[in-house]
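> Okay, so here is coords_9.cif, and as you'll see once you scroll down, it has mmCIF, C-alpha atoms.
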data_protein
loop_
_atom_site.label_atom_id
_atom_site.label_comp_id
_atom_site.auth_asym_id
_atom_site.auth_seq_id
_atom_site.Cartn_x
_atom_site.Cartn_y
_atom_site.Cartn_z
CA MET T 11 63.63 -3.54 49.96
CA ASN T 12 62.07 -0.74 47.87
CA LEU T 13 58.29 -0.50 47.59
CA VAL T 14 56.54 1.27 44.70
CA TRP T 15 53.08 2.27 45.92
CA PHE T 16 50.87 2.81 42.86
CA HIS T 17 47.78 5.02 42.88
CA ASN T 18 46.84 7.03 39.78
CA ASP T 19 50.06 6.20 37.91
CA LEU T 20 49.30 2.74 36.54
CA ARG T 21 52.11 2.44 33.99
CA THR T 22 55.73 1.34 33.78
CA GLY T 23 56.88 3.93 31.23
CA ASP T 24 57.51 7.58 32.15
CA ASN T 25 57.10 6.70 35.82
CA HIS T 26 59.67 8.36 38.06
CA SER T 27 58.64 6.38 41.15
CA LEU T 28 59.30 3.06 39.43
CA GLN T 29 62.45 4.30 37.72
CA GLN T 30 63.96 5.60 40.96
CA ALA T 31 63.01 2.47 42.91
CA CYS T 32 64.88 0.43 40.31
CA SER T 33 67.96 2.66 40.25
CA SER T 34 69.78 0.73 42.97
CA ASP T 35 70.57 -2.92 43.60
CA ALA T 36 67.86 -3.20 46.25
CA GLY T 37 64.92 -5.52 45.72
CA VAL T 38 61.75 -3.93 44.35
CA ILE T 39 58.13 -4.85 45.03
CA ALA T 40 54.97 -2.98 44.02
CA LEU T 41 51.64 -2.37 45.72
CA TYR T 42 48.14 -1.25 44.85
CA CYS T 43 45.51 -0.85 47.59
CA PHE T 44 41.79 -1.04 46.95
CA ASP T 45 41.03 1.47 49.70
CA PRO T 46 37.45 0.90 50.98
CA GLN T 47 36.89 4.64 51.45
CA TYR T 48 36.72 5.05 47.67
CA PHE T 49 33.95 2.46 47.32
CA ARG T 50 31.68 3.55 50.17
CA PRO T 51 28.67 5.87 49.74
CA ASP T 52 29.54 9.54 50.11
CA GLU T 53 27.55 12.14 52.08
CA PHE T 54 25.03 12.32 49.22
CA GLY T 55 24.49 8.56 49.06
CA PHE T 56 26.54 7.89 45.88
CA ARG T 57 29.21 5.21 45.80
CA ARG T 58 32.40 7.15 45.28
CA THR T 59 33.62 4.60 42.74
CA ALA T 60 30.78 2.84 40.99
CA LYS T 61 30.86 0.01 38.48
CA TYR T 62 32.10 1.79 35.34
CA ARG T 63 35.11 3.36 37.02
CA ALA T 64 35.85 0.16 38.90
CA ARG T 65 35.84 -1.97 35.75
CA PHE T 66 38.26 0.36 33.96
CA LEU T 67 40.49 0.36 37.05
CA ARG T 68 40.48 -3.44 37.20
CA GLN T 69 41.45 -3.65 33.53
CA SER T 70 44.22 -1.11 34.05
CA LEU T 71 45.63 -3.04 37.00
CA GLY T 72 45.60 -6.28 35.03
CA ASP T 73 47.67 -4.60 32.34
CA LEU T 74 50.06 -3.09 34.92
CA ARG T 75 50.50 -6.46 36.62
CA THR T 76 51.54 -8.02 33.31
CA GLN T 77 53.99 -5.20 32.55
CA LEU T 78 55.59 -5.44 35.99
CA ARG T 79 55.80 -9.23 35.76
CA ALA T 80 57.84 -8.78 32.56
CA LEU T 81 60.26 -6.71 34.67
CA ASN T 82 60.35 -9.43 37.36
CA ILE T 83 58.54 -7.13 39.79
CA SER T 84 55.64 -8.53 41.80
CA LEU T 85 52.50 -6.43 42.19
CA MET T 86 50.73 -6.97 45.50
CA ILE T 87 47.04 -6.13 45.25
CA CYS T 88 45.37 -5.57 48.60
CA HIS T 89 41.83 -4.71 49.62
CA GLY T 90 41.66 -2.81 52.89
CA ASP T 91 42.79 0.23 54.83
CA PRO T 92 46.30 1.31 53.73
CA ALA T 93 47.01 2.46 57.30
CA THR T 94 46.90 -1.22 58.27
CA LEU T 95 48.16 -2.86 55.09
CA VAL T 96 51.20 -0.73 54.29
CA PRO T 97 52.87 -0.95 57.72
CA ASP T 98 52.31 -4.71 57.68
CA ILE T 99 53.99 -4.99 54.29
CA VAL T 100 56.85 -2.78 55.48
CA ARG T 101 57.42 -5.07 58.44
CA ARG T 102 57.01 -8.31 56.51
CA TYR T 103 59.38 -7.43 53.65
CA ASN T 104 61.76 -5.15 55.54
CA VAL T 105 60.90 -2.15 53.34
CA THR T 106 63.25 0.78 53.83
CA ASP T 107 62.05 3.11 51.06
CA ILE T 108 58.63 3.84 49.56
CA TYR T 109 58.29 5.46 46.13
CA ARG T 110 55.01 6.98 44.98
CA GLN T 111 53.42 9.72 42.93
CA ARG T 112 52.85 12.83 45.03
CA GLU T 113 49.18 13.43 45.83
CA TRP T 114 47.90 16.43 47.76
CA THR T 115 44.11 16.42 47.81
CA ARG T 116 42.27 15.76 51.06
CA ASP T 117 41.70 12.01 51.11
CA GLU T 118 45.05 11.01 49.68
CA ARG T 119 46.86 13.40 52.02
CA GLN T 120 45.03 12.13 55.09
CA THR T 121 45.63 8.49 54.13
CA LEU T 122 49.35 9.07 53.82
CA GLU T 123 49.42 10.83 57.19
CA ARG T 124 47.63 7.90 58.85
CA VAL T 125 50.04 5.42 57.27
CA PHE T 126 53.15 7.26 58.42
CA ALA T 127 51.76 7.77 61.92
CA LYS T 128 52.25 4.04 62.53
CA PRO T 129 55.34 3.04 64.51
CA GLU T 130 56.44 0.58 61.80
CA MET T 131 56.93 3.55 59.45
CA ARG T 132 59.29 5.49 61.67
CA ASP T 133 62.47 4.62 59.76
CA VAL T 134 60.95 4.37 56.27
CA ASN T 135 62.10 6.92 53.68
CA LEU T 136 59.34 8.38 51.51
CA HIS T 137 60.14 9.51 47.95
CA GLU T 138 57.38 11.33 46.04
CA TYR T 139 57.32 12.66 42.48
CA TYR T 140 55.07 15.09 40.62
CA ASP T 141 54.36 12.73 37.73
CA GLN T 142 50.81 13.76 36.80
CA PHE T 143 51.73 17.10 35.21
CA LEU T 144 52.57 18.03 31.65
CA LEU T 145 54.65 20.94 32.98
CA HIS T 146 56.58 20.05 36.12
CA PRO T 147 56.12 22.46 39.06
CA ASP T 148 59.87 23.06 39.16
CA ASP T 149 59.85 24.21 35.53
CA ILE T 150 56.98 26.71 35.27
CA PRO T 151 57.91 30.44 35.31
CA ILE T 152 55.87 31.15 38.44
CA ALA T 153 57.71 31.85 41.67
CA SER T 154 55.24 30.30 44.13
CA LEU T 155 51.82 28.69 44.31
CA ASP T 156 50.37 31.99 45.52
CA ASP T 157 51.32 33.47 42.17
CA ILE T 158 49.37 30.95 40.06
CA PRO T 159 47.08 33.19 37.95
CA GLN T 160 43.37 33.02 38.70
CA VAL T 161 42.55 32.96 34.97
CA PHE T 162 43.67 30.10 32.72
CA SER T 163 44.67 32.25 29.76
CA LYS T 164 47.31 34.06 31.83
CA PHE T 165 48.67 30.75 33.11
CA ARG T 166 48.82 29.33 29.59
CA ASP T 167 50.49 32.39 28.06
CA ARG T 168 53.24 32.46 30.67
CA CYS T 169 53.91 28.74 30.59
CA GLU T 170 53.80 28.30 26.83
CA ALA T 171 56.31 31.09 26.36
CA GLU T 172 58.85 29.93 28.92
CA THR T 173 58.44 26.23 29.80
CA GLN T 174 59.70 23.11 28.09
CA VAL T 175 58.05 19.72 28.52
CA ARG T 176 60.46 17.22 30.04
CA ARG T 177 61.62 14.18 28.15
CA LEU T 178 60.18 10.78 28.98
CA VAL T 179 61.60 8.44 31.58
CA PRO T 180 62.16 5.00 29.99
CA VAL T 181 60.83 1.76 31.36
CA PRO T 182 63.50 0.56 33.82
CA PRO T 183 65.55 -2.55 33.06
CA GLY T 184 64.07 -5.78 34.33
CA ARG T 185 65.18 -7.09 37.71
CA ARG T 186 66.72 -10.49 38.23
CA PRO T 187 64.17 -13.34 38.33
CA GLY T 188 64.89 -13.79 42.03
CA ASN T 189 63.28 -10.41 42.67
CA LEU T 190 59.82 -11.96 42.28
CA ILE T 191 58.02 -12.86 45.48
CA GLU T 192 55.02 -15.00 46.31
CA CYS T 193 52.15 -12.60 46.98
CA ASP T 194 48.45 -12.06 46.40
CA SER T 195 48.06 -10.32 43.05
CA ARG T 196 44.41 -11.21 42.50
CA ILE T 197 42.27 -8.24 41.49
CA PRO T 198 38.97 -8.09 43.44
CA GLN T 199 35.84 -8.80 41.44
CA LEU T 200 33.19 -6.10 41.17
CA GLU T 201 30.98 -8.03 43.59
CA GLU T 202 33.77 -8.05 46.19
CA LEU T 203 33.85 -4.27 45.93
CA GLY T 204 30.11 -4.11 46.54
CA LEU T 205 29.30 -3.45 42.89
CA GLU T 206 27.09 -5.20 40.37
CA LEU T 207 28.16 -6.94 37.20
CA PHE T 208 26.97 -5.34 33.97
CA ASP T 209 27.10 -5.67 30.22
CA ALA T 210 28.54 -2.78 28.22
CA ASP T 211 25.90 -0.67 26.49
CA PRO T 212 26.41 -0.99 22.70
CA ARG T 213 25.58 2.70 22.27
CA SER T 214 28.62 3.82 24.24
CA ALA T 215 30.97 6.35 22.67
CA PHE T 216 33.76 4.81 24.77
CA PRO T 217 33.97 1.10 23.87
CA PHE T 218 37.57 0.79 25.09
CA VAL T 219 39.35 -1.00 27.92
CA GLY T 220 41.80 0.14 30.57
CA GLY T 221 45.56 -0.23 30.62
CA SER T 222 48.64 1.37 29.08
CA ASN T 223 48.60 -0.93 26.08
CA ALA T 224 45.03 0.03 25.23
CA GLY T 225 45.87 3.71 25.75
CA ARG T 226 48.81 3.53 23.37
CA ALA T 227 46.66 1.67 20.85
CA ARG T 228 44.09 4.45 21.05
CA ILE T 229 46.74 7.07 20.35
CA HIS T 230 47.90 5.13 17.29
CA GLN T 231 44.35 4.69 16.04
CA TYR T 232 43.19 8.27 16.62
CA PHE T 233 46.39 9.97 15.51
CA TRP T 234 47.77 7.89 12.63
CA ARG T 235 45.10 5.48 11.41
CA THR T 236 42.10 7.83 11.24
CA LEU T 237 43.99 11.15 11.36
CA GLY T 238 41.40 12.24 13.90
CA LEU T 239 43.98 14.50 15.51
CA THR T 240 44.00 16.68 12.37
CA ARG T 241 40.34 17.54 13.06
CA TYR T 242 40.37 17.54 16.87
CA LYS T 243 39.50 21.18 17.59
CA HIS T 244 36.65 21.15 15.10
CA THR T 245 35.06 17.88 16.23
CA ARG T 246 35.81 17.79 19.98
CA ASP T 247 32.36 19.13 20.89
CA GLY T 248 30.72 16.21 19.13
CA LEU T 249 28.36 13.78 20.82
CA LEU T 250 28.22 10.59 18.76
CA GLY T 251 30.75 7.88 17.98
CA ARG T 252 34.27 6.97 19.03
CA ASP T 253 36.25 9.56 17.12
CA TYR T 254 34.73 13.00 17.75
CA SER T 255 37.46 13.47 20.38
CA SER T 256 40.66 11.74 21.45
CA LYS T 257 38.96 9.90 24.35
CA LEU T 258 42.36 9.77 26.11
CA SER T 259 41.08 11.16 29.42
CA PRO T 260 40.33 7.80 31.15
CA TRP T 261 43.88 6.57 30.55
CA LEU T 262 45.24 9.91 31.74
CA ALA T 263 43.02 9.90 34.84
CA ASN T 264 44.24 6.45 35.88
CA GLY T 265 47.81 7.22 34.92
CA CYS T 266 47.92 4.49 32.26
CA LEU T 267 49.25 7.29 30.08
CA SER T 268 51.19 10.31 31.26
CA PRO T 269 50.45 13.73 29.76
CA ARG T 270 54.09 13.87 28.65
CA GLN T 271 53.63 10.65 26.68
CA VAL T 272 50.64 12.17 24.89
CA TYR T 273 52.48 15.44 24.28
CA TRP T 274 55.50 13.81 22.66
CA LYS T 275 53.22 11.66 20.49
CA VAL T 276 51.52 14.86 19.30
CA LYS T 277 54.93 16.34 18.54
CA ALA T 278 55.90 13.23 16.58
CA PHE T 279 52.66 13.47 14.62
CA GLU T 280 53.28 17.16 13.90
CA ARG T 281 56.77 16.31 12.65
CA ASP T 282 55.76 13.36 10.49
CA VAL T 283 52.25 14.26 9.31
CA ILE T 284 51.02 17.81 9.93
CA ALA T 285 51.01 20.54 12.55
CA ASN T 286 47.89 22.68 12.64
CA GLN T 287 45.49 24.33 15.04
CA ASP T 288 43.83 20.99 15.75
CA THR T 289 47.03 19.24 16.82
CA TYR T 290 47.90 22.20 19.04
CA TRP T 291 44.46 22.07 20.64
CA LEU T 292 45.10 18.70 22.22
CA ILE T 293 48.15 20.21 23.93
CA PHE T 294 45.93 23.15 24.91
CA GLU T 295 43.61 20.72 26.68
CA LEU T 296 46.55 19.11 28.48
CA LEU T 297 47.42 22.59 29.76
CA TRP T 298 43.86 23.03 31.04
CA ARG T 299 44.28 19.74 32.85
CA ASP T 300 47.53 21.00 34.40
CA TYR T 301 45.88 24.25 35.39
CA PHE T 302 43.22 22.53 37.49
CA LYS T 303 45.96 20.58 39.26
CA TYR T 304 47.88 23.76 40.01
CA ILE T 305 44.71 25.41 41.32
CA SER T 306 44.03 22.50 43.67
CA LEU T 307 47.67 22.68 44.83
CA GLN T 308 47.20 26.37 45.52
CA GLN T 309 43.72 26.30 47.03
CA GLY T 310 43.80 23.01 48.94
CA ASP T 311 40.50 21.92 50.46
CA ARG T 312 38.78 25.12 49.30
CA ILE T 313 37.95 23.30 46.08
CA PHE T 314 35.40 21.23 48.06
CA ARG T 315 33.64 24.19 49.77
CA ALA T 316 30.10 25.23 48.88
CA ALA T 317 31.43 28.73 48.18
CA GLY T 318 34.34 27.27 46.25
CA LEU T 319 37.10 29.76 45.65
CA SER T 320 34.81 32.77 46.08
CA ASP T 321 34.77 34.94 49.15
CA GLY T 322 32.06 34.59 51.78
CA GLU T 323 29.34 31.95 51.91
CA ARG T 324 27.14 30.61 49.13
CA GLN T 325 23.72 29.07 49.66
CA TRP T 326 22.64 26.24 47.40
CA GLN T 327 19.43 24.24 47.27
CA ARG T 328 19.22 20.50 47.89
CA ASP T 329 15.96 19.13 46.55
CA PRO T 330 15.87 15.28 46.42
CA GLU T 331 13.11 15.20 43.81
CA VAL T 332 14.95 17.62 41.54
CA LEU T 333 18.09 15.52 41.95
CA GLN T 334 16.29 12.32 40.99
CA GLN T 335 14.78 13.95 37.91
CA TRP T 336 18.22 15.18 36.84
CA ILE T 337 19.91 11.82 37.45
CA GLU T 338 17.21 9.87 35.62
CA GLY T 339 16.98 12.29 32.69
CA ARG T 340 13.45 13.51 33.44
CA THR T 341 14.01 17.27 33.15
CA PRO T 342 12.11 19.61 30.79
CA TYR T 343 15.06 19.52 28.37
CA ASP T 344 15.57 16.50 26.12
CA PHE T 345 19.22 17.52 25.54
CA VAL T 346 19.97 17.42 29.26
CA ASN T 347 18.04 14.16 29.55
CA ALA T 348 20.00 12.46 26.76
CA ASN T 349 23.33 13.33 28.35
CA MET T 350 22.24 12.18 31.79
CA ARG T 351 21.01 8.88 30.39
CA GLU T 352 24.31 8.36 28.59
CA ILE T 353 26.43 8.75 31.71
CA ALA T 354 24.07 6.55 33.72
CA ALA T 355 24.29 3.78 31.10
CA THR T 356 27.98 4.00 30.19
CA GLY T 357 30.03 6.09 32.63
CA TRP T 358 30.87 8.44 29.78
CA MET T 359 29.65 11.85 28.63
CA SER T 360 31.08 14.28 26.09
CA ASN T 361 32.83 17.46 27.18
CA ARG T 362 29.99 19.54 25.76
CA GLY T 363 27.39 17.44 27.53
CA ARG T 364 29.18 17.81 30.86
CA GLN T 365 29.20 21.56 30.54
CA VAL T 366 25.52 21.70 29.65
CA VAL T 367 24.19 19.43 32.41
CA ALA T 368 26.43 21.02 35.05
CA ASN T 369 25.43 24.53 34.02
CA TYR T 370 21.76 23.56 34.09
CA TRP T 371 22.10 21.95 37.54
CA CYS T 372 23.80 24.94 39.09
CA LYS T 373 22.54 27.97 37.18
CA GLU T 374 18.95 27.12 36.27
CA LEU T 375 18.09 24.82 39.16
CA GLY T 376 20.30 26.50 41.77
CA GLN T 377 21.24 23.14 43.25
CA ASP T 378 24.39 22.42 45.25
CA TRP T 379 27.19 21.98 42.72
CA ARG T 380 28.95 19.51 45.02
CA ILE T 381 26.11 17.01 44.56
CA GLY T 382 26.60 17.11 40.80
CA ALA T 383 30.35 16.76 41.22
CA ALA T 384 29.84 13.74 43.47
CA TRP T 385 27.53 12.08 40.91
CA PHE T 386 30.17 12.55 38.24
CA GLU T 387 32.83 11.21 40.62
CA SER T 388 30.82 8.05 41.10
CA LEU T 389 30.23 7.31 37.43
CA LEU T 390 32.81 8.87 35.13
CA ILE T 391 35.49 6.45 33.99
CA ASP T 392 37.81 9.43 33.48
CA TYR T 393 37.17 10.90 36.92
CA ASP T 394 40.09 12.99 38.14
CA VAL T 395 39.61 14.94 41.36
CA HIS T 396 41.32 18.07 40.05
CA SER T 397 39.55 18.29 36.69
CA ASN T 398 36.18 17.19 38.03
CA TYR T 399 36.00 19.66 40.87
CA GLY T 400 37.75 22.37 38.86
CA ASN T 401 35.20 22.11 36.06
CA TRP T 402 32.25 22.06 38.45
CA LEU T 403 33.59 25.14 40.25
CA TYR T 404 33.93 26.79 36.85
CA GLN T 405 30.37 25.97 35.75
CA SER T 406 28.81 26.92 39.08
CA GLY T 407 30.41 30.36 39.08
CA VAL T 408 32.51 29.86 42.22
CA GLY T 409 35.76 28.90 40.52
CA ASN T 410 38.49 30.75 38.68
CA ASP T 411 36.65 32.33 35.78
CA PRO T 412 35.21 35.71 36.87
CA ARG T 413 32.45 35.44 34.28
CA ASP T 414 29.23 33.83 35.44
CA ARG T 415 27.79 32.04 32.41
CA LYS T 416 24.30 30.61 32.07
CA PHE T 417 23.63 28.42 29.03
CA GLU T 418 20.52 28.58 26.90
CA ILE T 419 19.85 24.84 26.78
CA ASP T 420 17.73 24.78 23.63
CA ALA T 421 20.35 26.83 21.79
CA GLN T 422 23.02 24.36 22.89
CA ALA T 423 20.92 21.49 21.56
CA ASP T 424 20.29 23.23 18.24
CA ARG T 425 23.99 23.95 17.80
CA TYR T 426 25.48 20.61 18.83
CA ASP T 427 22.67 18.19 17.95
CA PRO T 428 20.89 19.97 15.08
CA ASP T 429 19.23 16.89 13.64
CA GLY T 430 18.38 15.40 17.04
CA SER T 431 20.25 12.15 16.36
CA TYR T 432 22.02 12.19 19.73
CA ARG T 433 18.78 12.86 21.60
CA GLN T 434 17.09 10.10 19.65
CA LEU T 435 19.86 7.62 20.51
CA TRP T 436 19.43 8.35 24.23
CA SER T 437 15.68 8.89 24.23
CA SER T 438 15.28 6.02 26.70
#
What does the file become when written as structure tokens?


Amino acid sequence: MNLVWFHNDLRTGDNHSLQQACSSDAGVIALYCFDPQYFRPDEFGFRRTAKYRARFLRQSLGDLRTQLRALNISLMICHGDPATLVPDIVRRYNVTDIYRQREWTRDERQTLERVFAKPEMRDVNLHEYYDQFLLHPDDIPIASLDDIPQVFSKFRDRCEAETQVRRLVPVPPGRRPGNLIECDSRIPQLEELGLELFDADPRSAFPFVGGSNAGRARIHQYFWRTLGLTRYKHTRDGLLGRDYSSKLSPWLANGCLSPRQVYWKVKAFERDVIANQDTYWLIFELLWRDYFKYISLQQGDRIFRAAGLSDGERQWQRDPEVLQQWIEGRTPYDFVNANMREIAATGWMSNRGRQVVANYWCKELGQDWRIGAAWFESLLIDYDVHSNYGNWLYQSGVGNDPRDRKFEIDAQADRYDPDGSYRQLWSS
């Protein structure tokens, strides 16, 4: 029996793990684990996955379950420690091969090590695939991880000149009906995960649901129906409404969409409608996303250090009262406050807002950047460990960019919210 162990790759299309598991005559089953470690409070007291992220994940799993069912593949959904659950499934279903997306950051790496330390796993073959990149590690013109440039522009220039994006892997053919098994595929309710029910805030700039189908619908709407892609670079720093940016990041973060799927849709749009600086800029942002993944591959657990990627030690403040004021939007700056209220009420914040509130937290307040990163991890529906920590390292001055920027908050507000409409919307 082949087991596809899903994590942040919740799709059936362009999924090498699923495609390879289905390439033989062996039976195929699928698994998703609600690992309790991702729902517990972290060292700063924040639930690592709070209600907004959890709801989007639940929606994405519901969509994946339906897609797999159409392929006659059963999705087992378990709630518990994978080091206990996976070996039990291996034993119960006589699993010989496990297929999964390769993960390398601390928690995912340690979980896999604990799973494969169990005696039941001794004879199990593990197959892993780098499926979260736009540019596959085997294809980039860089000899080793040590040679990954420390500045994004150098990485982009080299890769754009010499690397081709791979073609998509199709959805595999459906299995025979007898491949289905009786199993628990019920998705835990928010309350079972220790989270509260909530009603969506009508002011949200992200009124969408999880799942590959919703992600593809968003691409169609933003690219072809509104032609928002033709204005992307010029509107992406907006603050209000659904269409100032693509809003594809939550589906990318959960793997409902692959970056290759987005890329080839952009290329189709450029062929059929128009190619301009705006359409290119969405690909540019996918390259930024890749870059943070390559940096975390290169630097390992250094991305979680107080000193980040810098040499030596770095001292940061940890003031609980300052933290509470920042979280609740009670700072001296109404622009910071509006952004912090938006994320607290919706799990979403614009790219510009994230830069501003992170820069303020680290540069003006001198507070530990890791606390801010953990707050974002808890709330953001598009949380991705590589992009989240990479961006916070960048804003705190201990990441890859050698420049140490400090924003003028009032100037940011005047530029990006000149009439105050965003601040008025989130005034309370």

> Env of region 226-243 of chain T: 12 Å cut, atoms = all atoms listed in the file, seq-sep filter 6 positions within chain, self excluded. Answer as a PyMOL selection string.

chain T and resi 21+23+216-220+252-262+266-268+271-280+282-295

> Determine the axis-aligned bounding box of all atoms of region 206-216 of chain T present in the file, pad each side by 5 Å, and express its centre and edge lengths in Å to one decimal place as JSON.


{"center_x": 29.7, "center_y": -0.3, "center_z": 31.3, "size_x": 18.2, "size_y": 23.3, "size_z": 28.1}

> Tell me, in Å to one decimal, how far CA of Val134 (chain T) is from CA of Asp117 (chain T).

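Separation of CA of Val134 (chain T) and CA of Asp117 (chain T): 21.3 Å.
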
> I'd like the contact shell of Thr115 (chain T) - 9 Å cut-off, all atoms listed in the file, skipping same-chain residues fewer than 6 positions apart - returned as a list in words.

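Using all atoms listed in the file, the neighbours found are Ser306, Leu307, Gly310, Asp311, Val395 and His396 of chain T.
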
> At a cut-off of 8 Å, using all atoms listed in the file, what residues contact Val38 (chain T)? Leave out same-chain residues fewer than 6 positions from it and give the result as a ChimeraX atom specification.

/T:11-14,31-32,83,189

> Which one is closest to His89 (chain T): T:Arg132, T:Ala60, T:Cys43, T:Gln120? Count all atoms listed in the file.

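Looking only at the distances to His89 (chain T), the closest residue turns out to be T:Cys43.
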
> Go through T:Ser70, T:Tyr304, T:Met359, T:His146 and flag the residue nearest Gly251 (chain T), using only C-alpha atoms for the distances.

T:Met359

> With distances taken over all atoms listed in the file, which of T:Tyr48, T:Tyr103, T:Trp379, T:Phe66 is nearest to Ile391 (chain T)?

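Distance minimum relative to Ile391 (chain T) lands on T:Phe66.
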
> Given the file shown, enumerate the residues that the PyMOL selection byres ((chain T and resi 438) around 10) captures and present them as a list in words.

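Selected by the PyMOL selection byres ((chain T and resi 438) around 10) here: Glu338, Gly339, Asn347, Ala348, Arg351, Glu352, Arg433, Gln434, Leu435, Trp436 and Ser437 of chain T.
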
> Tell me, as a PyMOL selection string, which residues lie within 8 Å of Tyr140 (chain T), counting only C-alpha atoms; anything in the same chain fewer than 4 positions away does not count.

chain T and resi 111-112+146-147

> Could you write out that same residue set with C-alpha atoms as a JSON list (two decimals), in the coordinates of the input?


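Output below, filename selection00.json:
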[["chain", "number", "residue", "atom", "x", "y", "z"],
["T", 111, "GLN", "CA", 53.42, 9.72, 42.93],
["T", 112, "ARG", "CA", 52.85, 12.83, 45.03],
["T", 146, "HIS", "CA", 56.58, 20.05, 36.12],
["T", 147, "PRO", "CA", 56.12, 22.46, 39.06]]

> So what does the PyMOL selection byres ((chain T and resi 100) around 12) actually pick up in this one, as a PyMOL selection string?

chain T and resi 11-15+39-41+92-99+101-108+125-126+128-135

> T:Asp247, T:Asp167, T:Asp344, T:Glu374: which is nearest Asp420 (chain T), counting only C-alpha atoms?

T:Asp344

> Where atoms are missing, can you supply N, CA, C and O atoms for region 284-297 of chain T and output the lot as a PDB file, keeping the file's coordinate frame?


ATOM      1  N   ILE T 284      51.418  16.411  10.088  1.00  0.00           N
ATOM      2  CA  ILE T 284      51.020  17.810   9.930  1.00  0.00           C
ATOM      3  C   ILE T 284      50.925  18.458  11.307  1.00  0.00           C
ATOM      4  O   ILE T 284      50.584  17.800  12.292  1.00  0.00           O
ATOM      5  N   ALA T 285      51.240  19.727  11.353  1.00  0.00           N
ATOM      6  CA  ALA T 285      51.010  20.540  12.550  1.00  0.00           C
ATOM      7  C   ALA T 285      49.999  21.620  12.200  1.00  0.00           C
ATOM      8  O   ALA T 285      50.208  22.387  11.251  1.00  0.00           O
ATOM      9  N   ASN T 286      48.905  21.660  12.902  1.00  0.00           N
ATOM     10  CA  ASN T 286      47.890  22.680  12.640  1.00  0.00           C
ATOM     11  C   ASN T 286      47.209  23.075  13.947  1.00  0.00           C
ATOM     12  O   ASN T 286      47.630  22.665  15.030  1.00  0.00           O
ATOM     13  N   GLN T 287      46.177  23.860  13.848  1.00  0.00           N
ATOM     14  CA  GLN T 287      45.490  24.330  15.040  1.00  0.00           C
ATOM     15  C   GLN T 287      44.864  23.171  15.813  1.00  0.00           C
ATOM     16  O   GLN T 287      44.769  23.213  17.048  1.00  0.00           O
ATOM     17  N   ASP T 288      44.467  22.132  15.107  1.00  0.00           N
ATOM     18  CA  ASP T 288      43.830  20.990  15.750  1.00  0.00           C
ATOM     19  C   ASP T 288      44.831  20.197  16.590  1.00  0.00           C
ATOM     20  O   ASP T 288      44.520  19.769  17.706  1.00  0.00           O
ATOM     21  N   THR T 289      46.027  19.974  16.050  1.00  0.00           N
ATOM     22  CA  THR T 289      47.030  19.240  16.820  1.00  0.00           C
ATOM     23  C   THR T 289      47.438  20.042  18.048  1.00  0.00           C
ATOM     24  O   THR T 289      47.633  19.477  19.124  1.00  0.00           O
ATOM     25  N   TYR T 290      47.577  21.359  17.884  1.00  0.00           N
ATOM     26  CA  TYR T 290      47.900  22.200  19.040  1.00  0.00           C
ATOM     27  C   TYR T 290      46.813  22.118  20.104  1.00  0.00           C
ATOM     28  O   TYR T 290      47.094  22.149  21.302  1.00  0.00           O
ATOM     29  N   TRP T 291      45.560  21.986  19.675  1.00  0.00           N
ATOM     30  CA  TRP T 291      44.460  22.070  20.640  1.00  0.00           C
ATOM     31  C   TRP T 291      44.460  20.911  21.635  1.00  0.00           C
ATOM     32  O   TRP T 291      43.991  21.071  22.761  1.00  0.00           O
ATOM     33  N   LEU T 292      44.995  19.785  21.249  1.00  0.00           N
ATOM     34  CA  LEU T 292      45.100  18.700  22.220  1.00  0.00           C
ATOM     35  C   LEU T 292      46.114  19.065  23.307  1.00  0.00           C
ATOM     36  O   LEU T 292      45.897  18.778  24.494  1.00  0.00           O
ATOM     37  N   ILE T 293      47.195  19.721  22.934  1.00  0.00           N
ATOM     38  CA  ILE T 293      48.150  20.210  23.930  1.00  0.00           C
ATOM     39  C   ILE T 293      47.500  21.290  24.793  1.00  0.00           C
ATOM     40  O   ILE T 293      47.708  21.338  26.016  1.00  0.00           O
ATOM     41  N   PHE T 294      46.706  22.138  24.178  1.00  0.00           N
ATOM     42  CA  PHE T 294      45.930  23.150  24.910  1.00  0.00           C
ATOM     43  C   PHE T 294      45.087  22.510  26.004  1.00  0.00           C
ATOM     44  O   PHE T 294      45.033  23.004  27.141  1.00  0.00           O
ATOM     45  N   GLU T 295      44.440  21.399  25.680  1.00  0.00           N
ATOM     46  CA  GLU T 295      43.610  20.720  26.680  1.00  0.00           C
ATOM     47  C   GLU T 295      44.460  20.089  27.782  1.00  0.00           C
ATOM     48  O   GLU T 295      44.036  20.026  28.949  1.00  0.00           O
ATOM     49  N   LEU T 296      45.646  19.610  27.445  1.00  0.00           N
ATOM     50  CA  LEU T 296      46.550  19.110  28.480  1.00  0.00           C
ATOM     51  C   LEU T 296      46.971  20.228  29.419  1.00  0.00           C
ATOM     52  O   LEU T 296      47.147  20.015  30.636  1.00  0.00           O
ATOM     53  N   LEU T 297      47.102  21.436  28.906  1.00  0.00           N
ATOM     54  CA  LEU T 297      47.420  22.590  29.760  1.00  0.00           C
ATOM     55  C   LEU T 297      46.266  22.936  30.675  1.00  0.00           C
ATOM     56  O   LEU T 297      46.466  23.312  31.837  1.00  0.00           O
TER      57      LEU T 297
END
